[in-house]
file model.txt (compact mmCIF, C-alpha atoms)
# COMPACT_ATOMS: atom_id res chain seq x y z
CA MET A 1 100.03 106.01 107.67
CA GLU A 2 100.37 104.91 111.27
CA PRO A 3 98.00 105.55 114.16
CA SER A 4 99.41 107.78 116.88
CA LYS A 5 98.76 105.03 119.40
CA ARG A 6 98.87 101.74 117.55
CA LEU A 7 95.90 99.47 117.78
CA LEU A 8 97.46 96.08 118.34
CA SER A 9 94.24 94.49 117.12
CA LEU A 10 94.64 96.28 113.78
CA ASP A 11 98.17 94.98 113.19
CA THR A 12 97.01 91.53 114.30
CA LEU A 13 94.04 91.52 111.92
CA ARG A 14 96.21 92.77 109.06
CA GLY A 15 98.68 89.96 109.73
CA PHE A 16 95.87 87.42 109.91
CA ASP A 17 94.61 88.66 106.56
CA MET A 18 98.03 88.57 104.88
CA LEU A 19 98.83 85.10 106.22
CA PHE A 20 96.57 83.65 103.54
CA ILE A 21 98.64 85.44 100.88
CA MET A 22 101.84 84.22 102.59
CA GLY A 23 101.07 80.53 102.17
CA GLY A 24 98.09 80.10 104.48
CA ALA A 25 95.75 79.15 101.64
CA GLY A 26 98.19 76.50 100.42
CA PHE A 27 98.52 75.18 103.97
CA PHE A 28 94.78 74.50 104.29
CA ILE A 29 94.60 72.92 100.84
CA ALA A 30 97.56 70.64 101.67
CA LEU A 31 95.99 69.83 105.05
CA ASN A 32 92.83 68.61 103.36
CA ASP A 33 94.82 66.59 100.83
CA LEU A 34 96.66 64.87 103.68
CA PHE A 35 93.68 64.39 105.98
CA PRO A 36 90.58 64.52 103.74
CA ASN A 37 87.34 65.05 105.60
CA ALA A 38 84.24 67.23 105.35
CA VAL A 39 85.52 70.00 107.65
CA PHE A 40 88.97 70.35 106.07
CA GLY A 41 87.35 70.03 102.64
CA ALA A 42 84.99 72.90 103.36
CA ILE A 43 87.89 75.08 104.56
CA ALA A 44 90.06 74.17 101.57
CA GLY A 45 87.17 75.03 99.26
CA GLN A 46 87.29 78.59 100.60
CA MET A 47 90.97 79.02 99.67
CA SER A 48 90.43 80.05 96.06
CA HIS A 49 88.42 82.75 94.32
CA VAL A 50 84.98 81.99 92.95
CA GLU A 51 84.90 82.06 89.16
CA TRP A 52 82.41 84.92 88.87
CA HIS A 53 79.29 85.46 91.03
CA GLY A 54 79.39 84.29 94.63
CA PHE A 55 81.80 84.48 97.51
CA ALA A 56 84.60 82.49 99.13
CA HIS A 57 86.94 83.44 101.95
CA HIS A 58 89.72 84.09 99.43
CA ASP A 59 87.60 86.87 97.93
CA MET A 60 87.75 88.70 101.25
CA ILE A 61 91.53 89.07 101.60
CA PHE A 62 91.85 92.05 99.28
CA PRO A 63 88.85 94.15 100.44
CA LEU A 64 89.63 93.43 104.09
CA PHE A 65 93.11 94.88 103.57
CA LEU A 66 91.60 98.02 102.03
CA PHE A 67 89.11 98.22 104.91
CA ILE A 68 91.99 97.99 107.40
CA ALA A 69 93.85 100.76 105.57
CA GLY A 70 90.76 102.88 106.06
CA ILE A 71 90.58 102.18 109.80
CA SER A 72 94.00 103.68 110.47
CA PHE A 73 93.36 106.97 108.64
CA PRO A 74 91.33 108.83 111.32
CA PHE A 75 94.11 108.02 113.80
CA SER A 76 96.96 109.06 111.53
CA LEU A 77 95.14 112.22 110.48
CA ALA A 78 94.66 113.28 114.10
CA ASN A 79 98.29 112.42 114.81
CA ARG A 80 99.61 114.55 111.93
CA ARG A 81 97.44 117.47 112.97
CA ASP A 82 98.64 117.15 116.56
CA ARG A 83 102.21 117.36 115.27
CA GLY A 84 101.38 120.60 113.49
CA ALA A 85 101.17 119.39 109.89
CA SER A 86 99.54 121.88 107.56
CA GLU A 87 96.51 120.96 105.50
CA LYS A 88 98.67 121.25 102.38
CA ASP A 89 101.13 118.70 103.79
CA ILE A 90 98.28 116.36 104.66
CA TYR A 91 96.85 116.56 101.14
CA LEU A 92 100.26 116.03 99.56
CA ASN A 93 100.93 113.03 101.80
CA ILE A 94 97.61 111.43 100.84
CA ILE A 95 98.23 111.93 97.12
CA ARG A 96 101.85 110.75 97.43
CA ARG A 97 100.75 107.56 99.14
CA GLY A 98 98.13 106.86 96.49
CA VAL A 99 100.60 107.43 93.64
CA VAL A 100 103.32 105.31 95.29
CA LEU A 101 100.92 102.38 95.72
CA VAL A 102 99.87 102.62 92.08
CA LEU A 103 103.55 102.66 91.08
CA LEU A 104 104.37 99.67 93.30
CA GLY A 105 101.46 97.80 91.76
CA MET A 106 102.83 98.47 88.29
CA ILE A 107 106.30 97.35 89.36
CA TYR A 108 104.72 94.18 90.74
CA ASN A 109 103.15 93.62 87.31
CA GLY A 110 106.45 94.08 85.45
CA LEU A 111 106.88 97.81 84.85
CA LEU A 112 110.68 97.52 84.91
CA ARG A 113 110.62 95.27 81.85
CA PHE A 114 109.53 98.41 79.93
CA ASP A 115 107.15 96.38 77.78
CA PHE A 116 104.37 98.92 78.11
CA GLU A 117 102.14 97.38 75.45
CA ASN A 118 101.91 94.13 77.41
CA LEU A 119 102.05 95.69 80.88
CA ARG A 120 99.00 95.20 83.07
CA TRP A 121 98.54 98.73 84.40
CA CYS A 122 95.77 97.77 86.83
CA SER A 123 96.79 96.06 90.08
CA VAL A 124 95.78 95.14 93.60
CA LEU A 125 98.08 97.78 95.10
CA GLY A 126 96.85 100.32 92.55
CA ARG A 127 93.27 99.77 93.62
CA ILE A 128 94.24 100.07 97.28
CA GLY A 129 96.12 103.28 96.50
CA LEU A 130 93.32 104.90 94.50
CA GLY A 131 90.48 103.62 96.68
CA TRP A 132 92.18 104.75 99.88
CA MET A 133 93.34 108.09 98.41
CA PHE A 134 89.89 109.18 97.19
CA ALA A 135 88.28 107.96 100.42
CA ALA A 136 90.80 109.96 102.45
CA LEU A 137 90.11 113.09 100.38
CA ILE A 138 86.37 112.63 100.96
CA PHE A 139 87.01 112.10 104.68
CA LEU A 140 89.02 115.33 104.88
CA ASN A 141 86.30 117.44 103.34
CA THR A 142 83.07 116.04 104.76
CA LYS A 143 81.27 115.23 107.98
CA THR A 144 80.13 111.73 108.89
CA ARG A 145 76.57 112.22 107.63
CA THR A 146 77.81 113.47 104.26
CA ARG A 147 80.19 110.52 103.96
CA ILE A 148 77.29 108.14 104.52
CA ILE A 149 75.29 109.89 101.78
CA ILE A 150 78.26 109.82 99.39
CA SER A 151 78.88 106.13 100.10
CA ALA A 152 75.24 105.23 99.51
CA ALA A 153 75.12 107.35 96.35
CA ILE A 154 78.20 105.66 94.87
CA LEU A 155 76.83 102.17 95.53
CA ILE A 156 73.33 102.91 94.25
CA LEU A 157 74.49 104.76 91.13
CA TYR A 158 76.98 102.00 90.36
CA TRP A 159 74.18 99.43 90.59
CA LEU A 160 71.82 101.49 88.42
CA LEU A 161 74.52 102.02 85.77
CA LEU A 162 75.42 98.34 85.51
CA ALA A 163 71.85 97.06 85.74
CA PHE A 164 69.88 99.45 83.58
CA VAL A 165 72.12 101.38 81.18
CA PRO A 166 72.87 99.48 77.93
CA VAL A 167 76.56 98.89 77.16
CA PRO A 168 77.36 100.23 73.65
CA ASP A 169 79.53 97.41 72.30
CA VAL A 170 77.57 94.30 73.39
CA PRO A 171 74.51 92.65 71.81
CA ALA A 172 71.10 93.39 73.27
CA GLY A 173 70.07 90.90 75.90
CA THR A 174 73.61 90.22 77.12
CA ASP A 175 73.83 89.74 80.89
CA PRO A 176 74.82 93.19 82.24
CA PHE A 177 76.66 91.50 85.11
CA SER A 178 78.73 89.19 82.90
CA LYS A 179 82.42 89.49 82.17
CA GLU A 180 81.75 90.47 78.55
CA GLY A 181 78.54 92.44 79.02
CA SER A 182 79.19 94.82 81.93
CA TRP A 183 80.09 98.48 81.92
CA VAL A 184 83.17 97.56 83.95
CA GLY A 185 84.62 95.57 81.06
CA TYR A 186 83.53 98.19 78.52
CA VAL A 187 85.41 100.98 80.32
CA ASP A 188 88.46 98.72 80.61
CA ARG A 189 88.37 98.00 76.88
CA MET A 190 87.89 101.64 75.92
CA ILE A 191 90.23 103.42 78.33
CA THR A 192 92.65 101.15 80.16
CA PRO A 193 96.05 100.96 78.43
CA GLY A 194 98.21 97.86 78.19
CA LYS A 195 96.98 94.36 78.96
CA LEU A 196 93.84 93.42 80.87
CA LEU A 197 93.85 90.41 83.20
CA TYR A 198 91.21 88.89 80.90
CA PRO A 199 92.76 90.08 77.61
CA GLY A 200 90.50 92.28 75.54
CA VAL A 201 87.52 91.73 77.84
CA HIS A 202 87.81 92.79 81.48
CA ASP A 203 90.13 93.57 84.37
CA PRO A 204 88.98 92.96 87.98
CA GLU A 205 91.06 95.93 89.16
CA GLY A 206 89.93 98.22 86.34
CA LEU A 207 88.97 101.87 86.48
CA LEU A 208 85.19 101.86 86.86
CA SER A 209 85.05 99.25 89.61
CA THR A 210 87.47 101.36 91.63
CA ALA A 211 84.52 103.66 92.48
CA PRO A 212 82.77 101.19 94.82
CA ALA A 213 86.18 100.27 96.25
CA ILE A 214 86.33 103.84 97.58
CA VAL A 215 83.34 102.93 99.74
CA THR A 216 85.21 99.89 101.07
CA ALA A 217 87.94 102.23 102.32
CA LEU A 218 85.32 104.66 103.69
CA LEU A 219 83.71 101.83 105.66
CA GLY A 220 87.06 101.26 107.32
CA MET A 221 87.26 104.96 108.13
CA PHE A 222 83.79 104.77 109.73
CA ALA A 223 85.13 101.92 111.89
CA GLY A 224 88.19 103.97 112.79
CA GLU A 225 85.98 106.88 113.82
CA MET A 226 83.95 104.58 116.06
CA VAL A 227 87.04 103.32 117.85
CA ARG A 228 88.29 106.89 118.37
CA LYS A 229 85.11 107.85 120.27
CA GLN A 230 86.42 108.88 123.68
CA SER A 231 82.96 108.77 125.27
CA TRP A 232 82.41 105.09 124.42
CA SER A 233 83.78 102.22 126.45
CA GLY A 234 85.69 99.43 124.76
CA ASN A 235 82.74 97.09 125.21
CA LYS A 236 80.37 99.58 123.60
CA LYS A 237 82.73 100.13 120.67
CA SER A 238 82.98 96.38 120.10
CA LEU A 239 79.21 96.04 120.25
CA TYR A 240 78.57 98.90 117.83
CA LEU A 241 81.20 97.59 115.41
CA ALA A 242 79.49 94.19 115.51
CA VAL A 243 76.03 95.70 115.00
CA ALA A 244 77.27 97.72 112.03
CA GLY A 245 78.82 94.55 110.63
CA ALA A 246 75.62 92.56 111.02
CA VAL A 247 73.51 95.27 109.36
CA LEU A 248 75.87 95.61 106.40
CA THR A 249 76.08 91.85 105.96
CA VAL A 250 72.29 91.57 105.78
CA ILE A 251 72.11 94.49 103.32
CA GLY A 252 74.70 92.77 101.14
CA LEU A 253 72.79 89.49 101.16
CA LEU A 254 69.51 91.20 100.30
CA TRP A 255 71.11 93.29 97.55
CA ASN A 256 72.63 90.08 96.18
CA LEU A 257 69.13 89.06 95.09
CA VAL A 258 69.17 91.73 92.35
CA PHE A 259 72.87 92.67 92.12
CA PRO A 260 75.04 89.58 92.62
CA ILE A 261 77.91 89.53 95.08
CA ASN A 262 80.89 89.61 92.75
CA LYS A 263 84.49 90.52 93.57
CA ASN A 264 85.50 90.88 89.91
CA LEU A 265 82.93 93.64 89.45
CA TRP A 266 83.30 94.85 93.07
CA THR A 267 79.50 95.06 93.12
CA SER A 268 77.62 97.13 95.66
CA SER A 269 76.31 93.96 97.31
CA PHE A 270 79.92 92.75 97.55
CA VAL A 271 80.97 96.02 99.21
CA CYS A 272 78.22 95.74 101.81
CA PHE A 273 78.60 92.01 102.44
CA VAL A 274 82.40 92.01 102.75
CA GLY A 275 82.29 95.34 104.58
CA GLY A 276 79.94 93.76 107.09
CA LEU A 277 82.20 90.75 107.56
CA SER A 278 85.17 93.11 107.94
CA PHE A 279 83.35 95.05 110.68
CA LEU A 280 82.56 91.77 112.45
CA LEU A 281 86.15 90.53 112.25
CA PHE A 282 87.53 93.85 113.45
CA ALA A 283 84.99 93.90 116.31
CA LEU A 284 86.19 90.45 117.38
CA PHE A 285 89.90 91.27 117.17
CA TYR A 286 89.43 94.66 118.85
CA TYR A 287 87.46 93.10 121.69
CA LEU A 288 89.90 90.25 122.30
CA VAL A 289 93.13 92.23 121.93
CA ASP A 290 92.48 95.85 122.91
CA VAL A 291 89.49 95.49 125.25
CA LYS A 292 90.16 92.18 127.01
CA GLY A 293 93.93 92.55 126.68
CA TRP A 294 94.57 88.99 125.40
CA ARG A 295 97.79 89.80 123.57
CA LYS A 296 100.19 86.90 124.01
CA TRP A 297 98.96 85.15 120.85
CA THR A 298 99.25 88.20 118.60
CA THR A 299 103.02 88.34 117.94
CA PHE A 300 102.96 85.85 115.08
CA PHE A 301 100.37 87.94 113.22
CA VAL A 302 101.79 91.36 114.18
CA VAL A 303 105.15 90.47 112.62
CA ILE A 304 103.31 89.91 109.33
CA GLY A 305 100.89 92.80 109.71
CA MET A 306 103.52 95.47 110.30
CA ASN A 307 105.27 94.63 107.03
CA SER A 308 102.32 93.53 104.94
CA ILE A 309 103.26 95.38 101.75
CA THR A 310 106.84 94.20 102.19
CA ILE A 311 105.87 90.52 102.09
CA TYR A 312 103.40 91.12 99.26
CA MET A 313 106.14 92.66 97.09
CA ALA A 314 108.91 90.37 98.34
CA GLN A 315 107.08 87.20 97.32
CA ARG A 316 107.07 88.59 93.77
CA ILE A 317 110.80 89.33 93.83
CA VAL A 318 112.40 86.81 96.21
CA ASN A 319 112.37 83.05 95.61
CA PHE A 320 111.12 82.06 99.06
CA SER A 321 110.30 78.58 97.78
CA GLY A 322 113.92 78.07 96.83
CA ILE A 323 115.13 79.42 100.16
CA SER A 324 112.70 77.17 102.00
CA ASN A 325 113.87 74.15 100.00
CA PHE A 326 117.53 75.05 100.66
CA PHE A 327 117.05 75.02 104.42
CA PHE A 328 114.24 72.49 104.80
CA GLY A 329 114.42 70.29 101.70
CA GLY A 330 116.16 67.47 103.52
CA PHE A 331 113.75 67.68 106.42
CA ILE A 332 110.75 67.64 104.06
CA GLY A 333 112.19 64.58 102.35
CA LEU A 334 111.99 62.60 105.59
CA PHE A 335 108.20 62.54 105.30
CA SER A 336 106.04 60.36 103.08
CA GLU A 337 105.28 61.64 99.60
CA SER A 338 101.67 62.33 100.58
CA ALA A 339 102.75 64.42 103.60
CA GLN A 340 105.46 66.42 101.86
CA PRO A 341 103.19 69.16 100.39
CA PHE A 342 101.74 69.81 103.86
CA VAL A 343 105.16 69.97 105.55
CA SER A 344 106.47 72.07 102.66
CA SER A 345 103.67 74.61 103.14
CA ILE A 346 104.59 74.97 106.81
CA CYS A 347 108.25 75.45 105.93
CA TYR A 348 107.39 78.08 103.32
CA ILE A 349 105.33 80.07 105.84
CA ALA A 350 108.15 79.72 108.38
CA THR A 351 110.70 81.03 105.86
CA CYS A 352 108.63 84.09 105.04
CA TRP A 353 107.87 84.71 108.70
CA VAL A 354 111.53 84.54 109.76
CA PHE A 355 112.36 87.05 107.02
CA LEU A 356 109.70 89.40 108.40
CA TYR A 357 110.74 88.75 112.00
CA ILE A 358 114.31 89.86 111.22
CA LEU A 359 112.92 93.09 109.79
CA TYR A 360 110.62 93.42 112.81
CA ARG A 361 113.49 93.00 115.28
CA LYS A 362 115.60 95.53 113.34
CA LYS A 363 112.60 97.89 113.27
CA ILE A 364 112.66 97.99 109.47
CA PHE A 365 109.20 98.65 108.06
CA LEU A 366 108.12 99.57 104.54
CA LYS A 367 105.88 102.57 105.11
CA VAL A 368 104.06 103.95 102.09
call {"tool": "encode", "arguments": {"input": "model.txt", "output": "structure tokens"}}
result
Amino acid sequence: MEPSKRLLSLDTLRGFDMLFIMGGAGFFIALNDLFPNAVFGAIAGQMSHVEWHGFAHHDMIFPLFLFIAGISFPFSLANRRDRGASEKDIYLNIIRRGVVLVLLGMIYNGLLRFDFENLRWCSVLGRIGLGWMFAALIFLNTKTRTRIIISAAILILYWLLLAFVPVPDVPAGTDPFSKEGSWVGYVDRMITPGKLLYPGVHDPEGLLSTAPAIVTALLGMFAGEMVRKQSWSGNKKSLYLAVAGAVLTVIGLLWNLVFPINKNLWTSSFVCFVGGLSFLLFALFYYLVDVKGWRKWTTFFVVIGMNSITIYMAQRIVNFSGISNFFFGGFIGLFSESAQPFVSSICYIATCWVFLYILYRKKIFLKV
């Protein structure tokens, strides 16, 4: 869904987020390999997921995208109502979008091979679809105060379930926040069809952990509501977004002491911590782009951000590495062997970006 008056900062932030999926992570790793030092090493160390508990920048890409999807909903909802859409049409559009994202996620995982027994039914896009859809339905039917209560209730109940309710099929004393010992894995094993990402044990995009992901989308909707406040100046909106981000980040860090920050389980502390960082990032981008009007640098990211799902799916289907090597292989070969991975990463990003830029210029956008 698109805001009636596009927030350039939102498209920019979405593009910034997706850049790391589009080769940005590989770029920073190759940069450190070519010029090893403490700073580049620290950045490169953030370009992969943590194994279980803990947090790295790479763990933020997915929830930030869901948060951004939430931001746009209050705008698009107002826009559809202004155009005279009925409540029935609005509901149907929300459900359609959720179902389409689940379907795209299954296609990404190999649905068209028709090997349903070995198909991974859970997916990143599926979680975005379900998390956003249920958050949107909550948004439609509640006031802000009720949404806050629902969000808090989901996070607290999720924590209490995982921490204090014994899982039926694991030995007593097993860590309730472990891959094998959590309720998240148990529900996956009992209910989820097909293949789990960790076969027979756990799926990080499974059914139960989708519940706290709804709150991630709701946090984005809270941010969208704040930006839509007509009585607030741009400076005040930026400040309040930043304050909300700081508060949530602190809550996440404190909650981490008893409920570890963990993307695989999408723990309540993870929701708060990453939600806080997402608020802070959005506050920064909104202030720079939409309040201060510093827009000349945004085009590179906007081209990615306006076709984010396109590039996510396309990288699964299209051999961009082969295309990059076809056009730039000779150029890459001019560099030393140690420099080639770094130059290759730049050429890969350039190939993907040119593909998106052609779509951008032709005004072709995959809208779900």
call {"tool": "atom_distance", "arguments": {"input": "model.txt", "atom1": "atom CA of Pro176 of chain A", "atom2": "atom CA of Leu162 of chain A"}}
result
6.1 Å
call {"tool": "closest_residue", "arguments": {"input": "model.txt", "among": "A:Phe342, A:Trp132, A:Phe139, A:Phe67", "to": "Ile29 of chain A", "atoms": "only C-alpha atoms"}}
result
A:Phe342
call {"tool": "closest_residue", "arguments": {"input": "model.txt", "among": "A:Leu66, A:Glu180, A:Ser238, A:Gly245", "to": "Lys292 of chain A", "atoms": "all atoms listed in the file"}}
result
A:Ser238
call {"tool": "residues_around", "arguments": {"input": "model.txt", "residues": "segment 293-298 of chain A", "least_positions_apart": "3", "cutoff": "10 Å", "atoms": "all atoms listed in the file", "output": "list of chain:residue names"}}
result
A:Leu8, A:Ser9, A:Asp11, A:Thr12, A:Leu13, A:Gly15, A:Phe16, A:Phe285, A:Tyr286, A:Tyr287, A:Leu288, A:Val289, A:Asp290, A:Phe301, A:Val302, A:Val303
call {"tool": "atom_distance", "arguments": {"input": "model.txt", "atom1": "atom CA of Leu92 of chain A", "atom2": "atom CA of Leu137 of chain A"}}
result
10.6 Å
call {"tool": "axis_aligned_box", "arguments": {"input": "model.txt", "around": "segment 237-255 of chain A", "padding_each_side": "3 Å", "output": "JSON"}}
result
{"center_x": 76.2, "center_y": 94.8, "center_z": 109.1, "size_x": 19.5, "size_y": 16.6, "size_z": 29.1}
call {"tool": "atom_distance", "arguments": {"input": "model.txt", "atom1": "atom CA of Phe27 of chain A", "atom2": "atom CA of Ile349 of chain A"}}
result
8.6 Å
call {"tool": "residues_around", "arguments": {"input": "model.txt", "residues": "Pro74 of chain A", "least_positions_apart": "4", "cutoff": "12 Å", "atoms": "only C-alpha atoms", "output": "VMD selection string"}}
result
chain A and resid 1 to 5 68 to 70 78 to 81 135 to 137 139 to 140 144 217 to 229
call {"tool": "residues_around", "arguments": {"input": "model.txt", "residues": "Phe355 of chain A", "least_positions_apart": "6", "cutoff": "12 Å", "atoms": "all atoms listed in the file", "output": "PyMOL selection string"}}
result
chain A and resi 22+303-304+307+310-311+314-315+318+320+323-324+348-349+361-362+364
call {"tool": "residues_around", "arguments": {"input": "model.txt", "residues": "Ala152 of chain A", "least_positions_apart": "6", "cutoff": "10 Å", "atoms": "all atoms listed in the file", "output": "JSON list (two decimals) with C-alpha atoms, keeping the file's coordinate frame"}}
result
[["chain", "number", "residue", "atom", "x", "y", "z"],
["A", 146, "THR", "CA", 77.81, 113.47, 104.26],
["A", 158, "TYR", "CA", 76.98, 102.00, 90.36],
["A", 212, "PRO", "CA", 82.77, 101.19, 94.82],
["A", 215, "VAL", "CA", 83.34, 102.93, 99.74],
["A", 268, "SER", "CA", 77.62, 97.13, 95.66]]
call {"tool": "closest_residue", "arguments": {"input": "model.txt", "among": "A:Arg6, A:Lys179, A:Lys236, A:Arg316", "to": "Glu51 of chain A", "atoms": "all atoms listed in the file"}}
result
A:Lys179
call {"tool": "residues_around", "arguments": {"input": "model.txt", "residues": "Gly45 of chain A", "least_positions_apart": "5", "cutoff": "10 Å", "atoms": "only C-alpha atoms", "output": "PDB file with C-alpha atoms, in the coordinates of the input"}}
result
ATOM      1  CA  ALA A  25      95.750  79.150 101.640  1.00  0.00           C
ATOM      2  CA  PHE A  28      94.780  74.500 104.290  1.00  0.00           C
ATOM      3  CA  ILE A  29      94.600  72.920 100.840  1.00  0.00           C
ATOM      4  CA  ASN A  32      92.830  68.610 103.360  1.00  0.00           C
ATOM      5  CA  VAL A  39      85.520  70.000 107.650  1.00  0.00           C
ATOM      6  CA  PHE A  40      88.970  70.350 106.070  1.00  0.00           C
ATOM      7  CA  VAL A  50      84.980  81.990  92.950  1.00  0.00           C
ATOM      8  CA  ALA A  56      84.600  82.490  99.130  1.00  0.00           C
ATOM      9  CA  HIS A  57      86.940  83.440 101.950  1.00  0.00           C
ATOM     10  CA  HIS A  58      89.720  84.090  99.430  1.00  0.00           C
TER      11      HIS A  58
END
call {"tool": "closest_residue", "arguments": {"input": "model.txt", "among": "A:Tyr91, A:Phe335, A:Trp255, A:Trp183", "to": "Gly206 of chain A", "atoms": "all atoms listed in the file"}}
result
A:Trp183
call {"tool": "decode", "arguments": {"input": "model.txt", "residues": "segment 158-180 of chain A", "atoms": "N, CA and C atoms", "output": "mmCIF file, in the first residue's frame"}}
result
data_model
loop_
_atom_site.group_PDB
_atom_site.id
_atom_site.type_symbol
_atom_site.label_atom_id
_atom_site.label_comp_id
_atom_site.auth_asym_id
_atom_site.auth_seq_id
_atom_site.Cartn_x
_atom_site.Cartn_y
_atom_site.Cartn_z
ATOM 1 N N TYR A 158 3.731 -13.790 25.492
ATOM 2 C CA TYR A 158 4.707 -14.583 24.739
ATOM 3 C C TYR A 158 5.897 -14.930 25.641
ATOM 4 N N TRP A 159 6.358 -13.944 26.387
ATOM 5 C CA TRP A 159 7.470 -14.169 27.328
ATOM 6 C C TRP A 159 7.074 -15.189 28.399
ATOM 7 N N LEU A 160 5.900 -15.003 28.995
ATOM 8 C CA LEU A 160 5.466 -15.909 30.063
ATOM 9 C C LEU A 160 5.313 -17.336 29.550
ATOM 10 N N LEU A 161 4.774 -17.495 28.344
ATOM 11 C CA LEU A 161 4.615 -18.828 27.759
ATOM 12 C C LEU A 161 5.967 -19.504 27.592
ATOM 13 N N LEU A 162 6.901 -18.807 26.939
ATOM 14 C CA LEU A 162 8.200 -19.413 26.660
ATOM 15 C C LEU A 162 9.012 -19.652 27.931
ATOM 16 N N ALA A 163 8.891 -18.747 28.893
ATOM 17 C CA ALA A 163 9.743 -18.829 30.085
ATOM 18 C C ALA A 163 9.237 -19.798 31.140
ATOM 19 N N PHE A 164 7.908 -19.913 31.276
ATOM 20 C CA PHE A 164 7.386 -20.588 32.465
ATOM 21 C C PHE A 164 6.460 -21.776 32.193
ATOM 22 N N VAL A 165 6.057 -21.987 30.956
ATOM 23 C CA VAL A 165 5.177 -23.125 30.664
ATOM 24 C C VAL A 165 6.009 -24.255 30.072
ATOM 25 N N PRO A 166 6.025 -25.436 30.702
ATOM 26 C CA PRO A 166 6.855 -26.546 30.209
ATOM 27 C C PRO A 166 6.428 -26.993 28.805
ATOM 28 N N VAL A 167 7.398 -27.296 27.973
ATOM 29 C CA VAL A 167 7.140 -27.798 26.623
ATOM 30 C C VAL A 167 6.964 -29.311 26.708
ATOM 31 N N PRO A 168 5.885 -29.867 26.144
ATOM 32 C CA PRO A 168 5.564 -31.289 26.349
ATOM 33 C C PRO A 168 6.616 -32.282 25.885
ATOM 34 N N ASP A 169 7.320 -32.010 24.783
ATOM 35 C CA ASP A 169 8.158 -33.064 24.201
ATOM 36 C C ASP A 169 9.654 -32.899 24.476
ATOM 37 N N VAL A 170 10.014 -32.101 25.503
ATOM 38 C CA VAL A 170 11.444 -31.932 25.809
ATOM 39 C C VAL A 170 11.704 -32.333 27.263
ATOM 40 N N PRO A 171 12.914 -32.816 27.553
ATOM 41 C CA PRO A 171 13.225 -33.227 28.925
ATOM 42 C C PRO A 171 13.169 -32.053 29.897
ATOM 43 N N ALA A 172 12.810 -32.345 31.129
ATOM 44 C CA ALA A 172 12.793 -31.320 32.167
ATOM 45 C C ALA A 172 14.184 -30.719 32.332
ATOM 46 N N GLY A 173 14.219 -29.423 32.534
ATOM 47 C CA GLY A 173 15.489 -28.734 32.699
ATOM 48 C C GLY A 173 16.094 -28.206 31.415
ATOM 49 N N THR A 174 15.482 -28.517 30.273
ATOM 50 C CA THR A 174 15.979 -27.999 28.997
ATOM 51 C C THR A 174 15.776 -26.487 28.946
ATOM 52 N N ASP A 175 16.731 -25.776 28.411
ATOM 53 C CA ASP A 175 16.645 -24.322 28.284
ATOM 54 C C ASP A 175 15.398 -23.951 27.479
ATOM 55 N N PRO A 176 14.446 -23.228 28.076
ATOM 56 C CA PRO A 176 13.208 -22.895 27.350
ATOM 57 C C PRO A 176 13.426 -21.914 26.205
ATOM 58 N N PHE A 177 14.613 -21.311 26.145
ATOM 59 C CA PHE A 177 14.908 -20.381 25.062
ATOM 60 C C PHE A 177 15.901 -20.982 24.062
ATOM 61 N N SER A 178 16.047 -22.297 24.079
ATOM 62 C CA SER A 178 16.954 -22.959 23.143
ATOM 63 C C SER A 178 16.200 -23.356 21.883
ATOM 64 N N LYS A 179 16.954 -23.710 20.866
ATOM 65 C CA LYS A 179 16.362 -24.118 19.594
ATOM 66 C C LYS A 179 15.475 -25.353 19.776
ATOM 67 N N GLU A 180 15.960 -26.303 20.598
ATOM 68 C CA GLU A 180 15.238 -27.562 20.776
ATOM 69 C C GLU A 180 14.183 -27.477 21.868
#
